[in-house]
Amino acid sequence: VSSRNCLADWFPRLQAAGVPVPRTEIVRWAGQPEALADLLDGKEPKGFKGFVAALTIAAAKVGGPPAFLRTGQGSGKHSWASTCHVTDLAKLPDHVERLVEWSHMVSFLGALPFDVWAVRELLPTTPRVLLPSYDGFPLVREARGFVGNGEVKCVHPYWPADAIRQGFPMKAGGLDDPFEYDVPADFEVVVRWATDLDAFPPGWRELLGRVAAAFAGDGTWSVDVLLTDKGYYVTDMAEAERSYHWPGCPKGPRAAEVVP
Ligand SMILES: Nc1ncnc2c1ncn2[C@@H]1O[C@H](COP(=O)(O)OP(=O)(O)O)[C@@H](O)[C@H]1O
Ligand SMILES: [Mg+2]
């Protein structure tokens with residue numbers, strides 16, 4: 001795993017570029033990198049209390065609770081309420097444990113690193129719906145751009161329709177089939193709301209352009225932009241070759257090889 005994908009690497013550069021980003025406190029796990037995995041065996045690693053205390057202080061610094069918790073590599077967003085969405089600071093240890101678990105489950109190539117943590121301002125949004133199968137993940141308007149050489153190379157909606165569909169419960173007895181999810185009657189409208197970039201309020205493309213300029217000459221990146229109640233924010237970046245393009249995107253020939 002390239003350290004360039006770590007929030008601790010790209011976030012300070014975004015911040016220095018002056019683009020809107022959530023207030024963010026980076027907290028490093030100071031123990032042996034692997035020791036946090038002891039949580040999964042029900043053991044408390046040495047130094048864990050101090051780590052949780054540091055996360056608690058960080059949460060207050062970013063205006064929480066509530067707050068948004070993730071590792072340098074990701075958030076476990078498909079289990080929203082138990083991973084990244086922290087409403088009760090007393091439960092921080094549980095969120096850490098679930099994110100360590102996610103770090104092990106998400107990659108076929110071995111666990112993602114979990115030595116870097118970020119406590120972030122929970123940006124205010126107006127979700128269209130909370131997706132029950134993603135533990136209440138709020139469906140919001142997000143766009144993903146690929147930037148390189150100072151320009152925006154392509155843009156995509158953030159969510160494929162099927163990923164939104166799978167956020168609804170499967171019908172009882174249903175097979176894992178796209179038609180067997182219990183989606184609301186206006187599902188197509190919901191999908192269009194979340195994915196029709198042309199219908200988004202203006203501003204997201206300009207923001208991607210600013211990120212492109214800030215990272216010009218430094219490879220190709222995917223950049224995620226989130227519409228909040230106070231405008232567009234950049235929430236996430238990754239090296240482009242590791243990020244999901246939409247099927248058929250001419251800029252994403254390796255789309256089949258990456259994990260959405
Ligand atoms: N600070 C934040 N406030 C509110 N929602 C957020 C915030 N950061 C991320 N999100 C939401 O959570 C999702 C996942 O966050 P992200 O940091 O991109 O992790 P991952 O790498 O797992 O995708 C985002 O796509 C967005 O919907
Ligand atoms: Mg992301």
# chains A, B, ... in the order shown; residues from 1 in each chain; ligands from 1
>>> residues_near_ligand(ligand="ligand 2", cutoff="10 Å", atoms="only C-alpha atoms and all ligand atoms", output="ChimeraX atom specification")
/A:73-77,144,158,222-225,235-238,243,260
>>> write_last_selection(atoms="all heavy atoms", output="tab-separated table (two decimals), in the first residue's frame")
chain	number	residue	atom	x	y	z
A	73	GLN	N	-6.47	5.23	5.58
A	73	GLN	CA	-6.83	4.53	4.35
A	73	GLN	C	-8.32	4.54	4.03
A	73	GLN	O	-8.69	4.33	2.87
A	73	GLN	CB	-6.36	3.07	4.43
A	73	GLN	CG	-4.87	2.92	4.67
A	73	GLN	CD	-4.04	3.36	3.47
A	73	GLN	OE1	-4.49	3.25	2.33
A	73	GLN	NE2	-2.85	3.88	3.71
A	74	GLY	N	-9.17	4.70	5.02
A	74	GLY	CA	-10.60	4.65	4.72
A	74	GLY	C	-11.44	4.60	5.98
A	74	GLY	O	-10.93	4.62	7.10
A	75	SER	N	-12.77	4.49	5.73
A	75	SER	CA	-13.73	4.78	6.79
A	75	SER	C	-14.66	3.62	7.16
A	75	SER	O	-15.41	3.73	8.11
A	75	SER	CB	-14.62	5.93	6.35
A	75	SER	OG	-15.44	5.51	5.26
A	76	GLY	N	-14.63	2.54	6.37
A	76	GLY	CA	-15.63	1.49	6.62
A	76	GLY	C	-17.04	2.00	6.46
A	76	GLY	O	-17.96	1.58	7.16
A	77	LYS	N	-17.26	2.89	5.51
A	77	LYS	CA	-18.54	3.62	5.38
A	77	LYS	C	-19.76	2.73	5.20
A	77	LYS	O	-20.87	3.14	5.53
A	77	LYS	CB	-18.47	4.61	4.23
A	77	LYS	CG	-18.17	3.94	2.89
A	77	LYS	CD	-18.01	4.95	1.78
A	77	LYS	CE	-17.59	4.27	0.48
A	77	LYS	NZ	-16.17	4.41	0.19
A	144	ARG	N	-16.97	12.17	-8.11
A	144	ARG	CA	-15.57	11.73	-8.13
A	144	ARG	C	-14.92	12.23	-9.41
A	144	ARG	O	-15.40	11.96	-10.51
A	144	ARG	CB	-15.49	10.20	-8.05
A	144	ARG	CG	-14.10	9.66	-8.39
A	144	ARG	CD	-13.93	8.24	-7.93
A	144	ARG	NE	-13.98	8.16	-6.46
A	144	ARG	CZ	-13.85	7.03	-5.79
A	144	ARG	NH1	-13.69	5.89	-6.42
A	144	ARG	NH2	-13.89	7.04	-4.47
A	158	TYR	N	-20.43	9.41	-7.70
A	158	TYR	CA	-19.70	8.69	-6.68
A	158	TYR	C	-20.18	7.25	-6.55
A	158	TYR	O	-19.40	6.33	-6.42
A	158	TYR	CB	-19.87	9.44	-5.36
A	158	TYR	CG	-19.16	8.85	-4.18
A	158	TYR	CD1	-17.78	9.01	-4.02
A	158	TYR	CD2	-19.86	8.14	-3.21
A	158	TYR	CE1	-17.13	8.47	-2.93
A	158	TYR	CE2	-19.21	7.61	-2.12
A	158	TYR	CZ	-17.86	7.78	-1.98
A	158	TYR	OH	-17.21	7.24	-0.89
A	222	SER	N	-7.69	10.29	-7.84
A	222	SER	CA	-9.14	10.43	-7.76
A	222	SER	C	-9.43	11.35	-6.58
A	222	SER	O	-8.74	11.31	-5.56
A	222	SER	CB	-9.82	9.07	-7.57
A	222	SER	OG	-9.69	8.61	-6.26
A	223	VAL	N	-10.44	12.17	-6.75
A	223	VAL	CA	-10.79	13.18	-5.76
A	223	VAL	C	-12.29	13.13	-5.53
A	223	VAL	O	-13.06	13.21	-6.50
A	223	VAL	CB	-10.40	14.59	-6.27
A	223	VAL	CG1	-10.72	15.65	-5.22
A	223	VAL	CG2	-8.93	14.65	-6.67
A	224	ASP	N	-12.70	12.98	-4.29
A	224	ASP	CA	-14.13	12.91	-3.98
A	224	ASP	C	-14.60	14.23	-3.39
A	224	ASP	O	-13.98	14.75	-2.45
A	224	ASP	CB	-14.41	11.77	-3.01
A	224	ASP	CG	-14.12	10.41	-3.62
A	224	ASP	OD1	-14.15	10.29	-4.86
A	224	ASP	OD2	-13.84	9.47	-2.85
A	225	VAL	N	-15.68	14.73	-3.95
A	225	VAL	CA	-16.23	16.02	-3.55
A	225	VAL	C	-17.64	15.79	-3.02
A	225	VAL	O	-18.45	15.11	-3.65
A	225	VAL	CB	-16.25	16.97	-4.77
A	225	VAL	CG1	-17.09	18.19	-4.50
A	225	VAL	CG2	-14.83	17.37	-5.15
A	235	THR	N	-13.40	15.48	0.41
A	235	THR	CA	-13.31	14.57	1.56
A	235	THR	C	-12.23	13.53	1.41
A	235	THR	O	-11.69	13.06	2.41
A	235	THR	CB	-14.65	13.82	1.77
A	235	THR	OG1	-15.04	13.24	0.54
A	235	THR	CG2	-15.72	14.77	2.27
A	236	ASP	N	-11.94	13.11	0.17
A	236	ASP	CA	-11.09	11.93	0.03
A	236	ASP	C	-10.30	12.00	-1.26
A	236	ASP	O	-10.77	12.55	-2.26
A	236	ASP	CB	-11.98	10.67	0.03
A	236	ASP	CG	-11.23	9.39	0.34
A	236	ASP	OD1	-10.08	9.47	0.85
A	236	ASP	OD2	-11.78	8.30	0.08
A	237	MET	N	-9.11	11.43	-1.22
A	237	MET	CA	-8.27	11.31	-2.42
A	237	MET	C	-7.59	9.95	-2.41
A	237	MET	O	-7.38	9.36	-1.36
A	237	MET	CB	-7.18	12.40	-2.44
A	237	MET	CG	-7.71	13.78	-2.79
A	237	MET	SD	-6.41	15.02	-2.85
A	237	MET	CE	-5.47	14.50	-4.30
A	238	ALA	N	-7.24	9.49	-3.59
A	238	ALA	CA	-6.45	8.26	-3.70
A	238	ALA	C	-5.71	8.30	-5.03
A	238	ALA	O	-6.14	8.98	-5.97
A	238	ALA	CB	-7.33	7.02	-3.63
A	243	SER	N	-8.46	3.60	-7.86
A	243	SER	CA	-9.82	4.07	-7.65
A	243	SER	C	-10.74	3.62	-8.77
A	243	SER	O	-10.32	3.39	-9.89
A	243	SER	CB	-9.84	5.59	-7.55
A	243	SER	OG	-9.35	5.97	-6.30
A	260	PRO	N	-14.37	-0.87	-5.72
A	260	PRO	CA	-15.09	0.40	-5.61
A	260	PRO	C	-14.94	1.01	-4.20
A	260	PRO	O	-14.84	0.26	-3.25
A	260	PRO	CB	-16.54	0.05	-5.86
A	260	PRO	CG	-16.57	-1.34	-6.34
A	260	PRO	CD	-15.26	-1.98	-6.07
>>> closest_atom_pairs(of="chain A", to="ligand 1", cutoff="9 Å", atoms="only C-alpha atoms and all ligand atoms", output="JSON lines")
{"residue": "A:Leu7", "atom": "CA", "partner": "ligand 1", "partner_atom_place_in_ligand_line": "17 (O)", "distance": 8.6}
{"residue": "A:Val21", "atom": "CA", "partner": "ligand 1", "partner_atom_place_in_ligand_line": "1 (N)", "distance": 8.0}
{"residue": "A:Pro22", "atom": "CA", "partner": "ligand 1", "partner_atom_place_in_ligand_line": "1 (N)", "distance": 5.2}
{"residue": "A:Arg23", "atom": "CA", "partner": "ligand 1", "partner_atom_place_in_ligand_line": "1 (N)", "distance": 7.7}
{"residue": "A:Thr24", "atom": "CA", "partner": "ligand 1", "partner_atom_place_in_ligand_line": "1 (N)", "distance": 8.1}
{"residue": "A:Ala67", "atom": "CA", "partner": "ligand 1", "partner_atom_place_in_ligand_line": "1 (N)", "distance": 7.5}
{"residue": "A:Phe68", "atom": "CA", "partner": "ligand 1", "partner_atom_place_in_ligand_line": "1 (N)", "distance": 5.5}
{"residue": "A:Leu69", "atom": "CA", "partner": "ligand 1", "partner_atom_place_in_ligand_line": "1 (N)", "distance": 8.3}
{"residue": "A:Arg70", "atom": "CA", "partner": "ligand 1", "partner_atom_place_in_ligand_line": "17 (O)", "distance": 6.6}
{"residue": "A:Thr71", "atom": "CA", "partner": "ligand 1", "partner_atom_place_in_ligand_line": "19 (O)", "distance": 8.4}
{"residue": "A:Gly72", "atom": "CA", "partner": "ligand 1", "partner_atom_place_in_ligand_line": "21 (O)", "distance": 8.4}
{"residue": "A:Gln73", "atom": "CA", "partner": "ligand 1", "partner_atom_place_in_ligand_line": "21 (O)", "distance": 6.1}
{"residue": "A:Gly74", "atom": "CA", "partner": "ligand 1", "partner_atom_place_in_ligand_line": "21 (O)", "distance": 3.5}
{"residue": "A:Ser75", "atom": "CA", "partner": "ligand 1", "partner_atom_place_in_ligand_line": "22 (O)", "distance": 3.7}
{"residue": "A:Gly76", "atom": "CA", "partner": "ligand 1", "partner_atom_place_in_ligand_line": "22 (O)", "distance": 5.1}
{"residue": "A:Lys77", "atom": "CA", "partner": "ligand 1", "partner_atom_place_in_ligand_line": "14 (C)", "distance": 5.2}
{"residue": "A:His78", "atom": "CA", "partner": "ligand 1", "partner_atom_place_in_ligand_line": "22 (O)", "distance": 8.1}
{"residue": "A:Trp80", "atom": "CA", "partner": "ligand 1", "partner_atom_place_in_ligand_line": "12 (O)", "distance": 7.9}
{"residue": "A:Cys84", "atom": "CA", "partner": "ligand 1", "partner_atom_place_in_ligand_line": "12 (O)", "distance": 7.5}
{"residue": "A:His85", "atom": "CA", "partner": "ligand 1", "partner_atom_place_in_ligand_line": "5 (N)", "distance": 8.2}
{"residue": "A:Val119", "atom": "CA", "partner": "ligand 1", "partner_atom_place_in_ligand_line": "1 (N)", "distance": 8.5}
{"residue": "A:Arg120", "atom": "CA", "partner": "ligand 1", "partner_atom_place_in_ligand_line": "1 (N)", "distance": 5.2}
{"residue": "A:Glu121", "atom": "CA", "partner": "ligand 1", "partner_atom_place_in_ligand_line": "1 (N)", "distance": 5.1}
{"residue": "A:Leu122", "atom": "CA", "partner": "ligand 1", "partner_atom_place_in_ligand_line": "3 (N)", "distance": 3.7}
{"residue": "A:Leu123", "atom": "CA", "partner": "ligand 1", "partner_atom_place_in_ligand_line": "3 (N)", "distance": 3.7}
{"residue": "A:Pro124", "atom": "CA", "partner": "ligand 1", "partner_atom_place_in_ligand_line": "4 (C)", "distance": 6.4}
{"residue": "A:Thr125", "atom": "CA", "partner": "ligand 1", "partner_atom_place_in_ligand_line": "4 (C)", "distance": 7.0}
{"residue": "A:Phe137", "atom": "CA", "partner": "ligand 1", "partner_atom_place_in_ligand_line": "27 (O)", "distance": 7.7}
{"residue": "A:Pro138", "atom": "CA", "partner": "ligand 1", "partner_atom_place_in_ligand_line": "27 (O)", "distance": 7.1}
{"residue": "A:Leu139", "atom": "CA", "partner": "ligand 1", "partner_atom_place_in_ligand_line": "27 (O)", "distance": 7.1}
{"residue": "A:Val140", "atom": "CA", "partner": "ligand 1", "partner_atom_place_in_ligand_line": "27 (O)", "distance": 6.3}
{"residue": "A:Arg141", "atom": "CA", "partner": "ligand 1", "partner_atom_place_in_ligand_line": "27 (O)", "distance": 8.0}
{"residue": "A:Glu142", "atom": "CA", "partner": "ligand 1", "partner_atom_place_in_ligand_line": "25 (O)", "distance": 6.9}
{"residue": "A:Tyr158", "atom": "CA", "partner": "ligand 1", "partner_atom_place_in_ligand_line": "25 (O)", "distance": 7.6}
{"residue": "A:Trp159", "atom": "CA", "partner": "ligand 1", "partner_atom_place_in_ligand_line": "25 (O)", "distance": 8.9}
{"residue": "A:Asp224", "atom": "CA", "partner": "ligand 1", "partner_atom_place_in_ligand_line": "18 (O)", "distance": 6.9}
{"residue": "A:Val225", "atom": "CA", "partner": "ligand 1", "partner_atom_place_in_ligand_line": "25 (O)", "distance": 8.1}
{"residue": "A:Leu226", "atom": "CA", "partner": "ligand 1", "partner_atom_place_in_ligand_line": "26 (C)", "distance": 6.5}
{"residue": "A:Thr228", "atom": "CA", "partner": "ligand 1", "partner_atom_place_in_ligand_line": "4 (C)", "distance": 8.0}
{"residue": "A:Tyr233", "atom": "CA", "partner": "ligand 1", "partner_atom_place_in_ligand_line": "1 (N)", "distance": 8.7}
{"residue": "A:Val234", "atom": "CA", "partner": "ligand 1", "partner_atom_place_in_ligand_line": "8 (N)", "distance": 8.5}
{"residue": "A:Thr235", "atom": "CA", "partner": "ligand 1", "partner_atom_place_in_ligand_line": "8 (N)", "distance": 5.2}
{"residue": "A:Asp236", "atom": "CA", "partner": "ligand 1", "partner_atom_place_in_ligand_line": "18 (O)", "distance": 4.6}
{"residue": "A:Met237", "atom": "CA", "partner": "ligand 1", "partner_atom_place_in_ligand_line": "18 (O)", "distance": 7.5}
{"residue": "A:Ala238", "atom": "CA", "partner": "ligand 1", "partner_atom_place_in_ligand_line": "21 (O)", "distance": 8.3}
{"residue": "A:Pro260", "atom": "CA", "partner": "ligand 1", "partner_atom_place_in_ligand_line": "23 (O)", "distance": 8.9}
>>> residues_around(residues="His104 of chain A", least_positions_apart="6", cutoff="12 Å", atoms="only C-alpha atoms", output="list of chain:residue names")
A:Glu34, A:Leu36, A:Ala37, A:Leu40, A:Gln73, A:Gly74, A:Gly76, A:Glu97, A:Arg98, A:Gly110, A:Ala111, A:Leu112, A:Pro113, A:Phe114
>>> write_last_selection(atoms="all heavy atoms", output="short mmCIF file (atom, residue, chain, number, x, y, z; two decimals), in the first residue's frame")
data_model
loop_
_atom_site.label_atom_id
_atom_site.label_comp_id
_atom_site.auth_asym_id
_atom_site.auth_seq_id
_atom_site.Cartn_x
_atom_site.Cartn_y
_atom_site.Cartn_z
N GLU A 34 0.91 -3.42 14.49
CA GLU A 34 -0.05 -4.52 14.47
C GLU A 34 -0.82 -4.69 15.78
O GLU A 34 -1.82 -5.41 15.82
CB GLU A 34 0.67 -5.83 14.15
CG GLU A 34 0.97 -6.00 12.67
CD GLU A 34 -0.30 -5.91 11.83
OE1 GLU A 34 -1.29 -6.60 12.17
OE2 GLU A 34 -0.32 -5.14 10.86
N LEU A 36 -2.83 -3.02 17.51
CA LEU A 36 -4.26 -2.68 17.60
C LEU A 36 -5.15 -3.86 17.19
O LEU A 36 -6.31 -3.93 17.58
CB LEU A 36 -4.58 -1.47 16.71
CG LEU A 36 -4.36 -0.08 17.28
CD1 LEU A 36 -4.77 0.97 16.27
CD2 LEU A 36 -5.13 0.12 18.59
N ALA A 37 -4.59 -4.77 16.41
CA ALA A 37 -5.38 -5.94 15.98
C ALA A 37 -5.71 -6.84 17.17
O ALA A 37 -6.62 -7.67 17.07
CB ALA A 37 -4.63 -6.71 14.90
N LEU A 40 -9.29 -7.32 18.23
CA LEU A 40 -10.17 -8.31 17.60
C LEU A 40 -10.17 -9.62 18.37
O LEU A 40 -11.06 -10.45 18.19
CB LEU A 40 -9.75 -8.54 16.14
CG LEU A 40 -9.71 -7.27 15.28
CD1 LEU A 40 -9.29 -7.61 13.85
CD2 LEU A 40 -11.06 -6.57 15.29
N GLN A 73 -6.47 5.23 5.58
CA GLN A 73 -6.83 4.53 4.35
C GLN A 73 -8.32 4.54 4.03
O GLN A 73 -8.69 4.33 2.87
CB GLN A 73 -6.36 3.07 4.43
CG GLN A 73 -4.87 2.92 4.67
CD GLN A 73 -4.04 3.36 3.47
OE1 GLN A 73 -4.49 3.25 2.33
NE2 GLN A 73 -2.85 3.88 3.71
N GLY A 74 -9.17 4.70 5.02
CA GLY A 74 -10.60 4.65 4.72
C GLY A 74 -11.44 4.60 5.98
O GLY A 74 -10.93 4.62 7.10
N GLY A 76 -14.63 2.54 6.37
CA GLY A 76 -15.63 1.49 6.62
C GLY A 76 -17.04 2.00 6.46
O GLY A 76 -17.96 1.58 7.16
N GLU A 97 -12.25 -0.50 17.05
CA GLU A 97 -12.21 -1.94 16.81
C GLU A 97 -12.87 -2.31 15.48
O GLU A 97 -12.34 -3.11 14.70
CB GLU A 97 -12.93 -2.66 17.97
CG GLU A 97 -12.90 -4.17 17.82
CD GLU A 97 -13.62 -4.90 18.94
OE1 GLU A 97 -13.72 -4.34 20.06
OE2 GLU A 97 -14.09 -6.02 18.69
N ARG A 98 -14.01 -1.71 15.20
CA ARG A 98 -14.69 -2.02 13.94
C ARG A 98 -13.88 -1.57 12.73
O ARG A 98 -13.89 -2.20 11.68
CB ARG A 98 -16.09 -1.38 13.91
CG ARG A 98 -17.09 -2.02 14.86
CD ARG A 98 -17.32 -3.50 14.56
NE ARG A 98 -17.71 -3.75 13.19
CZ ARG A 98 -18.95 -3.71 12.74
NH1 ARG A 98 -19.95 -3.44 13.55
NH2 ARG A 98 -19.21 -3.93 11.46
N GLY A 110 -4.05 -8.55 2.23
CA GLY A 110 -3.60 -8.32 3.59
C GLY A 110 -4.20 -7.03 4.10
O GLY A 110 -4.71 -6.23 3.32
N ALA A 111 -4.15 -6.85 5.42
CA ALA A 111 -4.84 -5.71 6.02
C ALA A 111 -4.28 -4.38 5.51
O ALA A 111 -3.09 -4.26 5.24
CB ALA A 111 -4.69 -5.77 7.54
N LEU A 112 -5.17 -3.40 5.39
CA LEU A 112 -4.71 -2.04 5.16
C LEU A 112 -4.07 -1.53 6.44
O LEU A 112 -4.44 -1.95 7.54
CB LEU A 112 -5.90 -1.13 4.80
CG LEU A 112 -6.57 -1.39 3.46
CD1 LEU A 112 -7.80 -0.48 3.32
CD2 LEU A 112 -5.60 -1.13 2.32
N PRO A 113 -3.10 -0.62 6.32
CA PRO A 113 -2.49 -0.08 7.54
C PRO A 113 -3.52 0.63 8.42
O PRO A 113 -4.46 1.24 7.91
CB PRO A 113 -1.48 0.94 7.00
CG PRO A 113 -1.31 0.64 5.55
CD PRO A 113 -2.56 -0.04 5.09
N PHE A 114 -3.34 0.53 9.74
CA PHE A 114 -4.24 1.26 10.65
C PHE A 114 -3.44 1.92 11.75
O PHE A 114 -3.85 1.97 12.91
CB PHE A 114 -5.34 0.35 11.21
CG PHE A 114 -4.87 -1.05 11.58
CD1 PHE A 114 -4.30 -1.29 12.81
CD2 PHE A 114 -4.99 -2.09 10.68
CE1 PHE A 114 -3.87 -2.55 13.16
CE2 PHE A 114 -4.56 -3.37 11.01
CZ PHE A 114 -4.00 -3.60 12.25
#
>>> closest_residue(among="A:Gly150, A:Gln32, A:Pro202, A:Val116", to="Asp9 of chain A", atoms="only C-alpha atoms")
A:Val116
>>> atom_distance(atom1="atom CA of Tyr181 of chain A", atom2="atom CA of Ile164 of chain A")
10.3 Å
>>> residues_around(residues="segment 182-189 of chain A", least_positions_apart="2", cutoff="8 Å", atoms="only C-alpha atoms", output="list in words")
Arg165, Phe168, Pro169, Met170, Lys171, Glu180, Val191, Arg192 and Trp193 of chain A
>>> write_last_selection(atoms="all heavy atoms", output="mmCIF file, in the first residue's frame")
data_model
loop_
_atom_site.group_PDB
_atom_site.id
_atom_site.type_symbol
_atom_site.label_atom_id
_atom_site.label_comp_id
_atom_site.auth_asym_id
_atom_site.auth_seq_id
_atom_site.Cartn_x
_atom_site.Cartn_y
_atom_site.Cartn_z
ATOM 1 N N ARG A 165 -28.627 0.578 -4.556
ATOM 2 C CA ARG A 165 -29.647 -0.476 -4.425
ATOM 3 C C ARG A 165 -29.313 -1.408 -3.273
ATOM 4 O O ARG A 165 -30.161 -1.763 -2.454
ATOM 5 C CB ARG A 165 -29.706 -1.262 -5.739
ATOM 6 C CG ARG A 165 -30.879 -2.212 -5.870
ATOM 7 C CD ARG A 165 -30.735 -3.159 -7.061
ATOM 8 N NE ARG A 165 -30.304 -2.505 -8.276
ATOM 9 C CZ ARG A 165 -31.117 -1.894 -9.137
ATOM 10 N NH1 ARG A 165 -32.412 -1.868 -8.892
ATOM 11 N NH2 ARG A 165 -30.650 -1.318 -10.220
ATOM 12 N N PHE A 168 -30.263 -1.002 0.401
ATOM 13 C CA PHE A 168 -31.596 -1.334 0.914
ATOM 14 C C PHE A 168 -31.627 -2.803 1.295
ATOM 15 O O PHE A 168 -30.830 -3.600 0.811
ATOM 16 C CB PHE A 168 -32.655 -1.000 -0.146
ATOM 17 C CG PHE A 168 -32.802 0.482 -0.361
ATOM 18 C CD1 PHE A 168 -32.138 1.122 -1.400
ATOM 19 C CD2 PHE A 168 -33.551 1.251 0.519
ATOM 20 C CE1 PHE A 168 -32.232 2.504 -1.583
ATOM 21 C CE2 PHE A 168 -33.660 2.634 0.347
ATOM 22 C CZ PHE A 168 -33.003 3.257 -0.707
ATOM 23 N N PRO A 169 -32.556 -3.177 2.176
ATOM 24 C CA PRO A 169 -32.582 -4.569 2.627
ATOM 25 C C PRO A 169 -32.909 -5.509 1.477
ATOM 26 O O PRO A 169 -33.637 -5.137 0.559
ATOM 27 C CB PRO A 169 -33.704 -4.601 3.671
ATOM 28 C CG PRO A 169 -34.147 -3.205 3.880
ATOM 29 C CD PRO A 169 -33.607 -2.356 2.784
ATOM 30 N N MET A 170 -32.367 -6.698 1.535
ATOM 31 C CA MET A 170 -32.776 -7.708 0.573
ATOM 32 C C MET A 170 -34.156 -8.188 0.963
ATOM 33 O O MET A 170 -34.496 -8.256 2.136
ATOM 34 C CB MET A 170 -31.787 -8.865 0.565
ATOM 35 C CG MET A 170 -30.466 -8.436 -0.047
ATOM 36 S SD MET A 170 -29.642 -9.711 -0.995
ATOM 37 C CE MET A 170 -29.552 -11.027 0.122
ATOM 38 N N LYS A 171 -34.960 -8.525 -0.036
ATOM 39 C CA LYS A 171 -36.284 -9.068 0.250
ATOM 40 C C LYS A 171 -36.126 -10.419 0.921
ATOM 41 O O LYS A 171 -35.213 -11.177 0.593
ATOM 42 C CB LYS A 171 -37.069 -9.220 -1.052
ATOM 43 C CG LYS A 171 -37.575 -7.891 -1.572
ATOM 44 C CD LYS A 171 -38.503 -8.072 -2.745
ATOM 45 C CE LYS A 171 -39.060 -6.723 -3.173
ATOM 46 N NZ LYS A 171 -39.566 -6.756 -4.553
ATOM 47 N N GLU A 180 -33.954 -8.075 -6.256
ATOM 48 C CA GLU A 180 -34.507 -8.586 -5.010
ATOM 49 C C GLU A 180 -34.263 -7.670 -3.815
ATOM 50 O O GLU A 180 -34.359 -8.089 -2.682
ATOM 51 C CB GLU A 180 -33.944 -9.982 -4.718
ATOM 52 C CG GLU A 180 -34.335 -11.023 -5.765
ATOM 53 C CD GLU A 180 -35.822 -11.338 -5.742
ATOM 54 O OE1 GLU A 180 -36.450 -11.191 -4.674
ATOM 55 O OE2 GLU A 180 -36.367 -11.693 -6.802
ATOM 56 N N VAL A 191 -31.856 7.537 -7.293
ATOM 57 C CA VAL A 191 -30.573 7.316 -7.978
ATOM 58 C C VAL A 191 -30.202 8.538 -8.803
ATOM 59 O O VAL A 191 -29.057 9.001 -8.773
ATOM 60 C CB VAL A 191 -30.634 6.055 -8.864
ATOM 61 C CG1 VAL A 191 -29.409 5.964 -9.768
ATOM 62 C CG2 VAL A 191 -30.746 4.809 -7.990
ATOM 63 N N ARG A 192 -31.177 9.073 -9.526
ATOM 64 C CA ARG A 192 -30.874 10.243 -10.350
ATOM 65 C C ARG A 192 -30.442 11.420 -9.475
ATOM 66 O O ARG A 192 -29.508 12.147 -9.799
ATOM 67 C CB ARG A 192 -32.091 10.625 -11.201
ATOM 68 C CG ARG A 192 -31.736 10.754 -12.677
ATOM 69 C CD ARG A 192 -32.959 11.045 -13.539
ATOM 70 N NE ARG A 192 -33.949 9.989 -13.497
ATOM 71 C CZ ARG A 192 -35.248 10.162 -13.230
ATOM 72 N NH1 ARG A 192 -35.729 11.356 -12.961
ATOM 73 N NH2 ARG A 192 -36.067 9.134 -13.231
ATOM 74 N N TRP A 193 -31.107 11.566 -8.358
ATOM 75 C CA TRP A 193 -30.754 12.655 -7.436
ATOM 76 C C TRP A 193 -29.277 12.560 -7.030
ATOM 77 O O TRP A 193 -28.564 13.546 -6.963
ATOM 78 C CB TRP A 193 -31.657 12.591 -6.190
ATOM 79 C CG TRP A 193 -31.356 13.644 -5.170
ATOM 80 C CD1 TRP A 193 -31.880 14.912 -5.115
ATOM 81 C CD2 TRP A 193 -30.449 13.531 -4.059
ATOM 82 N NE1 TRP A 193 -31.354 15.585 -4.045
ATOM 83 C CE2 TRP A 193 -30.474 14.769 -3.375
ATOM 84 C CE3 TRP A 193 -29.626 12.511 -3.579
ATOM 85 C CZ2 TRP A 193 -29.700 15.020 -2.235
ATOM 86 C CZ3 TRP A 193 -28.857 12.752 -2.448
ATOM 87 C CH2 TRP A 193 -28.893 13.996 -1.782
#
>>> atom_distance(atom1="atom CA of Pro66 of chain A", atom2="atom CA of Lys49 of chain A")
20.2 Å
>>> closest_residue(among="A:Ala194, A:Ala213, A:Gly148, A:Ala199", to="Pro160 of chain A", atoms="only C-alpha atoms")
A:Ala194
>>> select_by_dssp(residues="segment 32-76 of chain A", states="helix (DSSP H, G or I)", output="list in words")
Pro33, Glu34, Ala35, Leu36, Ala37, Asp38, Leu39, Leu40, Asp41, Phe48, Lys49, Gly50, Phe51, Val52, Ala53, Ala54, Leu55, Thr56, Ile57, Ala58, Ala59, Ala60 and Lys61 of chain A
>>> closest_residue(among="A:Trp10, A:Leu130, A:His156, A:Pro93", to="Glu44 of chain A", atoms="only C-alpha atoms")
A:Pro93
>>> atom_distance(atom1="atom CA of Trp117 of chain A", atom2="atom CA of Val52 of chain A")
10.9 Å
>>> residues_around(residues="Leu92 of chain A", least_positions_apart="2", cutoff="9 Å", atoms="only C-alpha atoms", output="PyMOL selection string")
chain A and resi 52+55-56+69+86+88-90+94-97
>>> select_by_dssp(residues="segment 15-260 of chain A", states="strand (DSSP E or B)", output="ChimeraX atom specification")
/A:24-28,67-71,85-86,116-121,129-131,137-139,142-148,151-157,170,181,221-228,231-239
>>> closest_residue(among="A:Phe215, A:Trp102, A:Phe48, A:Phe108", to="Ala30 of chain A", atoms="only C-alpha atoms")
A:Phe48
